[in-house]
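Source file run-v6.cif; content: mmCIF, C-alpha atoms and all ligand atoms.
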```
data_protein
#
loop_
_atom_site.group_PDB
_atom_site.id
_atom_site.type_symbol
_atom_site.label_atom_id
_atom_site.label_comp_id
_atom_site.auth_asym_id
_atom_site.auth_seq_id
_atom_site.Cartn_x
_atom_site.Cartn_y
_atom_site.Cartn_z
ATOM 1 C CA MET X 303 2.210 131.032 81.712
ATOM 2 C CA GLN X 304 -0.702 133.368 82.333
ATOM 3 C CA ALA X 305 -1.836 134.863 85.639
ATOM 4 C CA ILE X 306 -5.026 134.046 87.538
ATOM 5 C CA LEU X 307 -7.081 136.608 89.424
ATOM 6 C CA THR X 308 -9.200 135.314 92.297
ATOM 7 C CA VAL X 309 -11.736 136.777 94.717
ATOM 8 C CA GLY X 310 -13.120 134.821 97.658
ATOM 9 C CA SER X 311 -13.063 134.294 101.372
ATOM 10 C CA VAL X 312 -9.959 134.387 103.539
ATOM 11 C CA ALA X 313 -11.089 132.987 106.852
ATOM 12 C CA PHE X 314 -10.628 131.702 110.331
ATOM 13 C CA ASP X 315 -12.141 128.208 110.358
ATOM 14 C CA SER X 316 -13.165 125.983 113.241
ATOM 15 C CA ILE X 317 -13.491 122.386 112.150
ATOM 16 C CA LYS X 318 -14.551 119.110 113.729
ATOM 17 C CA THR X 319 -13.938 115.812 111.947
ATOM 18 C CA PRO X 320 -13.647 112.223 113.230
ATOM 19 C CA SER X 321 -9.861 112.804 113.327
ATOM 20 C CA GLY X 322 -10.013 115.772 115.661
ATOM 21 C CA GLU X 323 -11.024 119.337 116.195
ATOM 22 C CA VAL X 324 -9.285 122.657 115.512
ATOM 23 C CA ALA X 325 -10.350 126.229 116.243
ATOM 24 C CA ARG X 326 -9.563 129.498 114.484
ATOM 25 C CA VAL X 327 -7.184 128.050 111.905
ATOM 26 C CA VAL X 328 -6.440 129.731 108.583
ATOM 27 C CA GLY X 329 -8.932 128.829 105.867
ATOM 28 C CA GLY X 330 -11.155 130.417 103.266
ATOM 29 C CA ALA X 331 -11.939 129.578 99.672
ATOM 30 C CA ALA X 332 -9.511 132.139 98.193
ATOM 31 C CA THR X 333 -6.762 130.948 100.543
ATOM 32 C CA TYR X 334 -6.993 127.298 99.508
ATOM 33 C CA PHE X 335 -7.440 128.233 95.859
ATOM 34 C CA SER X 336 -4.460 130.606 95.754
ATOM 35 C CA VAL X 337 -2.021 128.344 97.561
ATOM 36 C CA ALA X 338 -2.927 125.429 95.255
ATOM 37 C CA ALA X 339 -2.967 127.469 92.019
ATOM 38 C CA ALA X 340 0.390 129.089 92.837
ATOM 39 C CA PHE X 341 2.063 125.704 92.318
ATOM 40 C CA PHE X 342 1.304 126.227 88.597
ATOM 41 C CA ALA X 343 0.793 129.934 87.820
ATOM 42 C CA ASP X 344 0.981 133.489 89.209
ATOM 43 C CA VAL X 345 -2.010 134.318 91.371
ATOM 44 C CA ARG X 346 -3.480 137.749 92.155
ATOM 45 C CA MET X 347 -5.772 137.814 95.139
ATOM 46 C CA VAL X 348 -8.719 140.101 95.902
ATOM 47 C CA ALA X 349 -10.099 139.681 99.429
ATOM 48 C CA VAL X 350 -10.319 141.273 102.868
ATOM 49 C CA VAL X 351 -9.145 140.300 106.337
ATOM 50 C CA GLY X 352 -9.603 141.961 109.720
ATOM 51 C CA ASP X 353 -6.840 143.298 111.949
ATOM 52 C CA ASP X 354 -6.953 139.973 113.836
ATOM 53 C CA PHE X 355 -5.327 138.316 110.803
ATOM 54 C CA ASP X 356 -1.779 139.040 111.897
ATOM 55 C CA ASP X 357 1.516 138.752 110.047
ATOM 56 C CA GLY X 358 2.018 135.217 111.360
ATOM 57 C CA ARG X 359 -1.228 134.094 109.698
ATOM 58 C CA MET X 360 -0.246 135.960 106.542
ATOM 59 C CA GLN X 361 2.775 133.675 106.194
ATOM 60 C CA VAL X 362 0.615 131.033 104.541
ATOM 61 C CA PHE X 363 0.893 133.184 101.387
ATOM 62 C CA GLY X 364 4.614 133.953 101.773
ATOM 63 C CA GLY X 365 7.289 132.604 99.443
ATOM 64 C CA ARG X 366 4.689 131.739 96.789
ATOM 65 C CA SER X 367 3.746 133.456 93.540
ATOM 66 C CA ILE X 368 0.711 135.099 95.157
ATOM 67 C CA ASP X 369 0.296 138.847 94.664
ATOM 68 C CA LEU X 370 -1.454 140.348 97.695
ATOM 69 C CA ALA X 371 -1.876 143.924 96.382
ATOM 70 C CA GLY X 372 -5.636 143.281 96.231
ATOM 71 C CA LEU X 373 -5.894 141.863 99.763
ATOM 72 C CA GLN X 374 -7.189 144.573 102.096
ATOM 73 C CA ARG X 375 -6.605 144.506 105.843
ATOM 74 C CA VAL X 376 -9.218 146.608 107.665
ATOM 75 C CA PRO X 377 -10.287 147.151 111.299
ATOM 76 C CA GLY X 378 -12.662 144.418 112.462
ATOM 77 C CA GLU X 379 -12.870 140.645 112.530
ATOM 78 C CA THR X 380 -11.924 138.275 109.735
ATOM 79 C CA PHE X 381 -14.617 136.055 108.138
ATOM 80 C CA ARG X 382 -15.313 133.061 110.388
ATOM 81 C CA TRP X 383 -16.823 129.700 109.542
ATOM 82 C CA LYS X 384 -17.382 126.576 111.606
ATOM 83 C CA GLY X 385 -18.190 123.140 110.186
ATOM 84 C CA GLU X 386 -18.684 119.636 111.552
ATOM 85 C CA TYR X 387 -18.301 116.511 109.433
ATOM 86 C CA SER X 388 -20.216 113.226 109.582
ATOM 87 C CA VAL X 389 -18.391 110.024 110.547
ATOM 88 C CA ASP X 390 -17.901 109.021 106.890
ATOM 89 C CA LEU X 391 -16.863 112.611 105.976
ATOM 90 C CA ASN X 392 -19.404 112.645 103.148
ATOM 91 C CA SER X 393 -21.533 115.380 104.635
ATOM 92 C CA ARG X 394 -20.961 118.357 106.851
ATOM 93 C CA GLU X 395 -23.035 120.785 108.811
ATOM 94 C CA THR X 396 -22.247 124.489 108.921
ATOM 95 C CA ILE X 397 -22.448 125.570 112.566
ATOM 96 C CA TYR X 398 -21.998 129.269 111.775
ATOM 97 C CA THR X 399 -20.924 131.680 109.042
ATOM 98 C CA HIS X 400 -19.857 135.145 110.233
ATOM 99 C CA LEU X 401 -19.170 137.430 107.274
ATOM 100 C CA ASN X 402 -17.613 140.116 109.509
ATOM 101 C CA VAL X 403 -15.340 142.332 107.359
ATOM 102 C CA PHE X 404 -16.834 140.857 104.162
ATOM 103 C CA ASP X 405 -20.124 142.565 105.039
ATOM 104 C CA GLN X 406 -18.811 146.034 104.134
ATOM 105 C CA PHE X 407 -16.191 144.902 101.621
ATOM 106 C CA ARG X 408 -16.041 146.575 98.206
ATOM 107 C CA PRO X 409 -13.396 145.031 95.972
ATOM 108 C CA VAL X 410 -11.167 147.536 94.191
ATOM 109 C CA LEU X 411 -8.829 145.943 91.683
ATOM 110 C CA PRO X 412 -5.296 147.318 91.516
ATOM 111 C CA ASP X 413 -4.712 148.580 87.939
ATOM 112 C CA ALA X 414 -2.195 145.819 87.345
ATOM 113 C CA TYR X 415 -4.937 143.206 87.929
ATOM 114 C CA ARG X 416 -7.424 144.455 85.324
ATOM 115 C CA GLN X 417 -5.986 142.630 82.349
ATOM 116 C CA THR X 418 -5.626 139.238 84.046
ATOM 117 C CA PRO X 419 -6.570 136.566 81.466
ATOM 118 C CA PHE X 420 -7.804 133.896 83.898
ATOM 119 C CA VAL X 421 -10.345 134.688 86.607
ATOM 120 C CA PHE X 422 -11.588 132.407 89.355
ATOM 121 C CA LEU X 423 -14.532 133.680 91.385
ATOM 122 C CA ALA X 424 -14.061 131.592 94.517
ATOM 123 C CA ASN X 425 -16.786 131.185 97.060
ATOM 124 C CA ILE X 426 -18.089 134.520 98.420
ATOM 125 C CA HIS X 427 -21.220 136.672 97.995
ATOM 126 C CA PRO X 428 -22.058 136.592 94.260
ATOM 127 C CA ALA X 429 -22.533 140.384 94.317
ATOM 128 C CA LEU X 430 -18.806 140.665 95.138
ATOM 129 C CA GLN X 431 -17.975 138.179 92.383
ATOM 130 C CA LEU X 432 -19.921 140.433 89.985
ATOM 131 C CA GLU X 433 -18.105 143.555 91.173
ATOM 132 C CA VAL X 434 -14.789 141.914 90.383
ATOM 133 C CA LEU X 435 -16.024 140.825 86.952
ATOM 134 C CA ARG X 436 -17.047 144.401 86.165
ATOM 135 C CA GLN X 437 -13.477 145.550 86.804
ATOM 136 C CA VAL X 438 -11.596 143.116 84.547
ATOM 137 C CA ASP X 439 -10.980 143.738 80.824
ATOM 138 C CA ALA X 440 -12.037 140.910 78.513
ATOM 139 C CA PRO X 441 -10.613 137.936 80.402
ATOM 140 C CA ARG X 442 -9.909 134.799 78.384
ATOM 141 C CA PHE X 443 -11.509 132.320 80.796
ATOM 142 C CA VAL X 444 -13.723 132.908 83.831
ATOM 143 C CA ALA X 445 -14.789 130.203 86.272
ATOM 144 C CA ALA X 446 -16.843 130.441 89.458
ATOM 145 C CA ASP X 447 -17.632 128.446 92.565
ATOM 146 C CA THR X 448 -20.474 128.964 95.020
ATOM 147 C CA MET X 449 -22.115 127.342 98.028
ATOM 148 C CA ASN X 450 -25.531 126.406 99.439
ATOM 149 C CA PHE X 451 -25.310 129.532 101.645
ATOM 150 C CA TRP X 452 -25.454 131.780 98.533
ATOM 151 C CA ILE X 453 -27.863 129.563 96.564
ATOM 152 C CA GLU X 454 -30.278 130.047 99.470
ATOM 153 C CA GLY X 455 -29.433 133.677 100.269
ATOM 154 C CA ALA X 456 -28.441 135.441 97.041
ATOM 155 C CA LEU X 457 -29.924 133.524 94.122
ATOM 156 C CA ASP X 458 -30.569 136.555 91.872
ATOM 157 C CA ASP X 459 -26.971 137.719 92.091
ATOM 158 C CA LEU X 460 -25.790 134.163 91.603
ATOM 159 C CA ARG X 461 -27.848 133.807 88.428
ATOM 160 C CA ALA X 462 -26.289 137.032 87.128
ATOM 161 C CA VAL X 463 -22.842 135.522 87.788
ATOM 162 C CA LEU X 464 -23.802 132.309 85.986
ATOM 163 C CA GLY X 465 -24.813 134.331 82.938
ATOM 164 C CA ARG X 466 -21.287 135.754 82.713
ATOM 165 C CA VAL X 467 -18.912 132.849 83.343
ATOM 166 C CA ASP X 468 -17.396 130.194 81.077
ATOM 167 C CA ALA X 469 -17.304 127.537 83.778
ATOM 168 C CA LEU X 470 -18.887 126.608 87.095
ATOM 169 C CA VAL X 471 -17.130 124.356 89.610
ATOM 170 C CA ILE X 472 -19.508 123.173 92.349
ATOM 171 C CA ASN X 473 -20.217 120.110 94.445
ATOM 172 C CA ASP X 474 -22.947 117.574 93.738
ATOM 173 C CA GLU X 475 -25.248 118.676 96.550
ATOM 174 C CA GLU X 476 -25.087 122.278 95.328
ATOM 175 C CA ALA X 477 -25.660 121.194 91.714
ATOM 176 C CA ARG X 478 -28.842 119.409 92.805
ATOM 177 C CA GLN X 479 -29.954 122.369 94.900
ATOM 178 C CA LEU X 480 -29.277 124.938 92.163
ATOM 179 C CA SER X 481 -31.028 122.938 89.438
ATOM 180 C CA GLY X 482 -33.792 121.284 91.459
ATOM 181 C CA GLU X 483 -32.820 118.010 89.734
ATOM 182 C CA ALA X 484 -31.835 114.915 91.722
ATOM 183 C CA ASN X 485 -30.152 113.285 88.715
ATOM 184 C CA LEU X 486 -26.697 114.800 88.085
ATOM 185 C CA VAL X 487 -26.844 114.511 84.291
ATOM 186 C CA LYS X 488 -30.146 116.401 84.264
ATOM 187 C CA ALA X 489 -28.766 118.838 86.833
ATOM 188 C CA ALA X 490 -25.776 119.492 84.581
ATOM 189 C CA ARG X 491 -27.991 120.202 81.580
ATOM 190 C CA SER X 492 -30.153 122.572 83.589
ATOM 191 C CA ILE X 493 -27.175 124.481 85.053
ATOM 192 C CA ARG X 494 -25.492 124.839 81.671
ATOM 193 C CA ALA X 495 -28.712 126.391 80.378
ATOM 194 C CA MET X 496 -28.141 129.105 83.019
ATOM 195 C CA GLY X 497 -24.869 130.152 81.319
ATOM 196 C CA PRO X 498 -21.660 128.207 81.915
ATOM 197 C CA LYS X 499 -20.671 126.032 78.930
ATOM 198 C CA LEU X 500 -18.310 124.002 81.072
ATOM 199 C CA LEU X 501 -19.464 122.422 84.311
ATOM 200 C CA VAL X 502 -17.320 120.599 86.850
ATOM 201 C CA ILE X 503 -19.198 118.757 89.585
ATOM 202 C CA LYS X 504 -17.117 117.750 92.615
ATOM 203 C CA ARG X 505 -18.345 114.583 94.271
ATOM 204 C CA GLY X 506 -16.107 114.231 97.315
ATOM 205 C CA GLU X 507 -14.662 110.754 97.634
ATOM 206 C CA SER X 508 -16.515 109.794 94.426
ATOM 207 C CA GLY X 509 -14.307 112.121 92.375
ATOM 208 C CA VAL X 510 -15.249 114.649 89.702
ATOM 209 C CA LEU X 511 -17.587 114.844 86.727
ATOM 210 C CA MET X 512 -16.842 117.345 83.949
ATOM 211 C CA THR X 513 -19.127 118.125 81.052
ATOM 212 C CA ARG X 514 -18.589 120.344 78.032
ATOM 213 C CA GLY X 515 -20.339 120.132 74.666
ATOM 214 C CA GLN X 516 -21.835 116.648 74.376
ATOM 215 C CA GLY X 517 -19.083 114.919 76.333
ATOM 216 C CA PHE X 518 -18.489 113.855 79.914
ATOM 217 C CA PHE X 519 -15.254 113.053 81.703
ATOM 218 C CA ALA X 520 -15.261 111.319 85.086
ATOM 219 C CA ALA X 521 -12.249 111.019 87.383
ATOM 220 C CA PRO X 522 -12.111 109.169 90.693
ATOM 221 C CA ALA X 523 -10.692 110.610 93.883
ATOM 222 C CA MET X 524 -7.337 109.170 94.971
ATOM 223 C CA PRO X 525 -8.047 106.286 97.374
ATOM 224 C CA LEU X 526 -6.507 107.467 100.652
ATOM 225 C CA GLU X 527 -6.136 105.495 103.834
ATOM 226 C CA SER X 528 -6.485 108.478 106.080
ATOM 227 C CA VAL X 529 -8.436 111.666 105.495
ATOM 228 C CA ALA X 530 -8.077 114.187 108.305
ATOM 229 C CA ASP X 531 -10.084 117.153 107.048
ATOM 230 C CA PRO X 532 -11.951 117.605 103.737
ATOM 231 C CA THR X 533 -12.284 121.384 104.229
ATOM 232 C CA GLY X 534 -11.059 123.300 101.206
ATOM 233 C CA ALA X 535 -10.854 120.215 98.987
ATOM 234 C CA GLY X 536 -13.106 121.885 96.440
ATOM 235 C CA ASP X 537 -11.090 125.107 96.389
ATOM 236 C CA THR X 538 -7.808 123.235 96.220
ATOM 237 C CA PHE X 539 -9.204 121.195 93.339
ATOM 238 C CA ALA X 540 -10.147 124.426 91.560
ATOM 239 C CA GLY X 541 -6.640 125.787 92.185
ATOM 240 C CA GLY X 542 -4.980 122.803 90.516
ATOM 241 C CA PHE X 543 -7.517 122.809 87.673
ATOM 242 C CA MET X 544 -7.266 126.536 86.879
ATOM 243 C CA GLY X 545 -3.546 126.557 87.601
ATOM 244 C CA HIS X 546 -2.881 123.917 84.967
ATOM 245 C CA LEU X 547 -5.117 125.650 82.416
ATOM 246 C CA ALA X 548 -3.360 128.978 83.004
ATOM 247 C CA ALA X 549 0.074 127.363 82.863
ATOM 248 C CA THR X 550 -0.586 125.593 79.558
ATOM 249 C CA GLY X 551 -3.407 127.547 77.862
ATOM 250 C CA ASP X 552 -4.496 124.102 76.639
ATOM 251 C CA PHE X 553 -8.284 123.901 76.363
ATOM 252 C CA SER X 554 -8.269 120.783 74.201
ATOM 253 C CA ASP X 555 -10.116 117.745 75.531
ATOM 254 C CA ALA X 556 -6.817 116.166 76.617
ATOM 255 C CA GLY X 557 -5.702 119.413 78.277
ATOM 256 C CA MET X 558 -8.974 119.772 80.184
ATOM 257 C CA ARG X 559 -8.711 116.167 81.379
ATOM 258 C CA ARG X 560 -5.161 116.768 82.610
ATOM 259 C CA ALA X 561 -6.378 119.901 84.418
ATOM 260 C CA ILE X 562 -9.084 117.838 86.149
ATOM 261 C CA ILE X 563 -6.436 115.358 87.309
ATOM 262 C CA PHE X 564 -4.110 118.112 88.586
ATOM 263 C CA GLY X 565 -7.075 119.481 90.526
ATOM 264 C CA SER X 566 -7.773 116.039 91.959
ATOM 265 C CA VAL X 567 -4.101 115.633 92.898
ATOM 266 C CA MET X 568 -4.045 118.923 94.818
ATOM 267 C CA ALA X 569 -7.313 118.091 96.606
ATOM 268 C CA SER X 570 -5.978 114.661 97.585
ATOM 269 C CA PHE X 571 -3.015 116.250 99.352
ATOM 270 C CA ASN X 572 -5.088 118.896 101.052
ATOM 271 C CA VAL X 573 -7.395 116.446 102.838
ATOM 272 C CA GLU X 574 -4.471 114.643 104.492
ATOM 273 C CA ALA X 575 -4.171 117.311 107.205
ATOM 274 C CA PHE X 576 -6.203 120.081 108.848
ATOM 275 C CA SER X 577 -6.291 123.619 107.458
ATOM 276 C CA LEU X 578 -3.523 124.183 104.881
ATOM 277 C CA ASP X 579 -0.965 122.161 106.821
ATOM 278 C CA ARG X 580 -0.313 119.648 104.035
ATOM 279 C CA LEU X 581 -0.191 122.252 101.261
ATOM 280 C CA ARG X 582 2.290 124.357 103.248
ATOM 281 C CA ASP X 583 5.080 121.811 102.988
ATOM 282 C CA LEU X 584 4.062 120.212 99.697
ATOM 283 C CA ASP X 585 6.719 119.959 97.009
ATOM 284 C CA TYR X 586 5.931 120.139 93.280
ATOM 285 C CA LYS X 587 7.800 116.845 92.771
ATOM 286 C CA GLU X 588 5.216 115.144 95.002
ATOM 287 C CA VAL X 589 2.499 116.622 92.792
ATOM 288 C CA GLU X 590 4.061 115.059 89.696
ATOM 289 C CA VAL X 591 4.461 111.689 91.405
ATOM 290 C CA ARG X 592 0.821 111.619 92.410
ATOM 291 C CA PHE X 593 -0.248 112.741 88.934
ATOM 292 C CA ARG X 594 1.443 109.595 87.598
ATOM 293 C CA GLU X 595 -0.255 107.486 90.279
ATOM 294 C CA PHE X 596 -3.575 108.854 89.034
ATOM 295 C CA LYS X 597 -2.710 107.753 85.521
ATOM 296 C CA ARG X 598 -2.070 104.210 86.740
ATOM 297 C CA LEU X 599 -5.188 104.287 88.892
ATOM 298 C CA THR X 600 -7.477 105.133 85.981
ATOM 299 C CA HIS X 601 -5.791 103.362 83.072
ATOM 300 C CA PHE X 602 -7.300 100.252 81.506
ATOM 301 C CA GLU X 603 -6.797 98.413 78.230
ATOM 302 C CA GLY X 604 -9.435 98.352 75.500
ATOM 303 C CA LEU X 605 -11.017 95.137 74.212
ATOM 304 C CA SER X 606 -8.646 93.178 71.981
ATOM 305 C CA SER X 607 -11.252 92.585 69.260
HETATM 306 P P1 LIG X 701 -14.924 123.802 100.730
HETATM 307 O O1 LIG X 701 -14.597 122.754 101.750
HETATM 308 O O2 LIG X 701 -14.154 123.670 99.453
HETATM 309 O O3 LIG X 701 -16.380 124.005 100.537
HETATM 310 O O4 LIG X 701 -14.403 125.190 101.337
HETATM 311 C C1 LIG X 701 -14.410 125.466 102.679
HETATM 312 C C2 LIG X 701 -13.902 126.887 102.901
HETATM 313 O O5 LIG X 701 -14.899 127.809 102.463
HETATM 314 C C3 LIG X 701 -13.637 127.146 104.366
HETATM 315 O O6 LIG X 701 -12.269 127.411 104.553
HETATM 316 C C4 LIG X 701 -14.528 128.324 104.724
HETATM 317 O O7 LIG X 701 -13.834 129.354 105.378
HETATM 318 C C5 LIG X 701 -15.060 128.836 103.402
HETATM 319 N N1 LIG X 701 -16.501 129.142 103.456
HETATM 320 C C6 LIG X 701 -17.455 128.481 104.157
HETATM 321 N N2 LIG X 701 -18.666 129.056 103.943
HETATM 322 C C7 LIG X 701 -18.458 130.086 103.087
HETATM 323 C C8 LIG X 701 -19.309 131.066 102.473
HETATM 324 N N3 LIG X 701 -20.621 131.080 102.702
HETATM 325 N N4 LIG X 701 -18.732 131.973 101.657
HETATM 326 C C9 LIG X 701 -17.412 131.951 101.424
HETATM 327 N N5 LIG X 701 -16.566 131.070 101.955
HETATM 328 C C10 LIG X 701 -17.074 130.141 102.780
#
```

Spell out the structure here as structure tokens.
Amino acid sequence: MQAILTVGSVAFDSIKTPSGEVARVVGGAATYFSVAAAFFADVRMVAVVGDDFDDGRMQVFGGRSIDLAGLQRVPGETFRWKGEYSVDLNSRETIYTHLNVFDQFRPVLPDAYRQTPFVFLANIHPALQLEVLRQVDAPRFVAADTMNFWIEGALDDLRAVLGRVDALVINDEEARQLSGEANLVKAARSIRAMGPKLLVIKRGESGVLMTRGQGFFAAPAMPLESVADPTGAGDTFAGGFMGHLAATGDFSDAGMRRAIIFGSVMASFNVEAFSLDRLRDLDYKEVEVRFREFKRLTHFEGLSS
């Protein structure tokens, strides 16, 4: 098993969905990613929180294989984000994004982090993603995520990131925005020309589309009767995906497909409750059971002749 280094937001989220509303709950891309990935591999986190992120909040990381030596706690307020979802949960509006302590943040990797073979640049300013990349020695596999906020506000830095990563994991709306192409197959071709050889497009309740080389792999999302809060589904997906790759080192087509399904499994749990409430009490046995359910869900027989 190999370790994964991640940089990204650790946040206080306020969220409104048709199921309810919560304020100032623990969130952030690096938080969701780390908690999900730690089910599979050791995680090393690079991020910053303010002094309002107390020890009680910190417990979300406790008792897991998450190394917090690279998580700074500084005077000031933690990153804050507020989002509101549509009735069908397929779209959401950002009400505000307050970078707060991320505004002045300069990542400094502990020496022990520099040789980490797997790197996931979770959602945060691409300039910070680049600073982390500059401090790691020849990683084996680097993947990144981003968001409309950075596509609109930091495109030059984002393009520099894209030129240096093996994989990009983004949602369909962002893929269209980044490429200027409405068609996802064309969007994928255009984004891969920007750098990443492997592209994973997250499509919410429509599942995931992966493309590498000439091939595509499509996986559905688990059909769920109740979805409380989609926040962090993308990061949780990435945690399961990268976690499985780091745990197995298997980059074969079959291994990549399994990683996509582990990502989908983790995301399907995460959306069942607000914040990280479902991931907090999730057991790895439940992960395996749902992985098998996915196999049944997607299996079909070939033609007999
Ligand atoms: P997702 O639902 O996977 O897009 O991730 C939502 C998480 O990303 C929330 O917990 C937010 O705190 C965090 N987030 C929202 N906007 C940003 C941003 N511009 N940069 C970094 N993290 C963000």

Can you tell me, as number ranges by chain, what residues are no more than 9 Å from Ala446 (chain X) when counting all atoms listed in the file, ignoring any on the same chain fewer than 5 positions away?
-> X: 421-425, 431, 463-464, 467-472

Do you know which residues lie at most 12 Å from (-25.7, 124.7, 104.2), with coordinates as in the file and only C-alpha atoms counted, and could you write them as JSON, numbers by chain?
-> {"X": [383, 384, 385, 386, 393, 394, 395, 396, 397, 398, 399, 448, 449, 450, 451, 452, 453, 454, 455, 475, 476, 479]}

Please indicate the distance in Å from CA of Gln417 (chain X) to CA of Val309 (chain X), rounded to one decimal place.
->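 So the two atoms, CA of Gln417 (chain X) and CA of Val309 (chain X), lie 14.8 Å apart.
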
Which polymer residues have any atom within 9 Å of an atom of region 331-333 of chain X, counting only C-alpha atoms, with same-chain residues fewer than 5 positions away left out, as a ChimeraX atom specification?
-> /X:308-313,338,347-349,362-363,423-426,534,536-538,578

Could you please determine the separation between CA of Ala414 (chain X) and CA of Asp369 (chain X) in Å, to one decimal place?
-> 10.4 Å

Coordinates-based distance that separates CA of Val345 (chain X) from CA of Gln406 (chain X) (Å, one decimal) | 24.1 Å

Could you list the residues chosen by the PyMOL selection byres (((chain X and resi 518) around 12) and not hetatm) in this structure as a count of residues only?
-> 23

Between X:Asn473, X:Gln374, X:Ser554, X:Ser566, which one has atoms that come closest to ligand LIG 701 (chain X), using only C-alpha atoms and all ligand atoms?
->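 Of X:Asn473, X:Gln374, X:Ser554, X:Ser566, the one nearest ligand LIG 701 (chain X) is X:Asn473, counting only C-alpha atoms and all ligand atoms.
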
Just so the selection is clear, what residues does the PyMOL selection byres (((chain X and resi 583) around 12) and not hetatm) cover here, as a PyMOL selection string?
-> chain X and resi 337-338+341+362+365-366+571-572+575+578-582+584-589
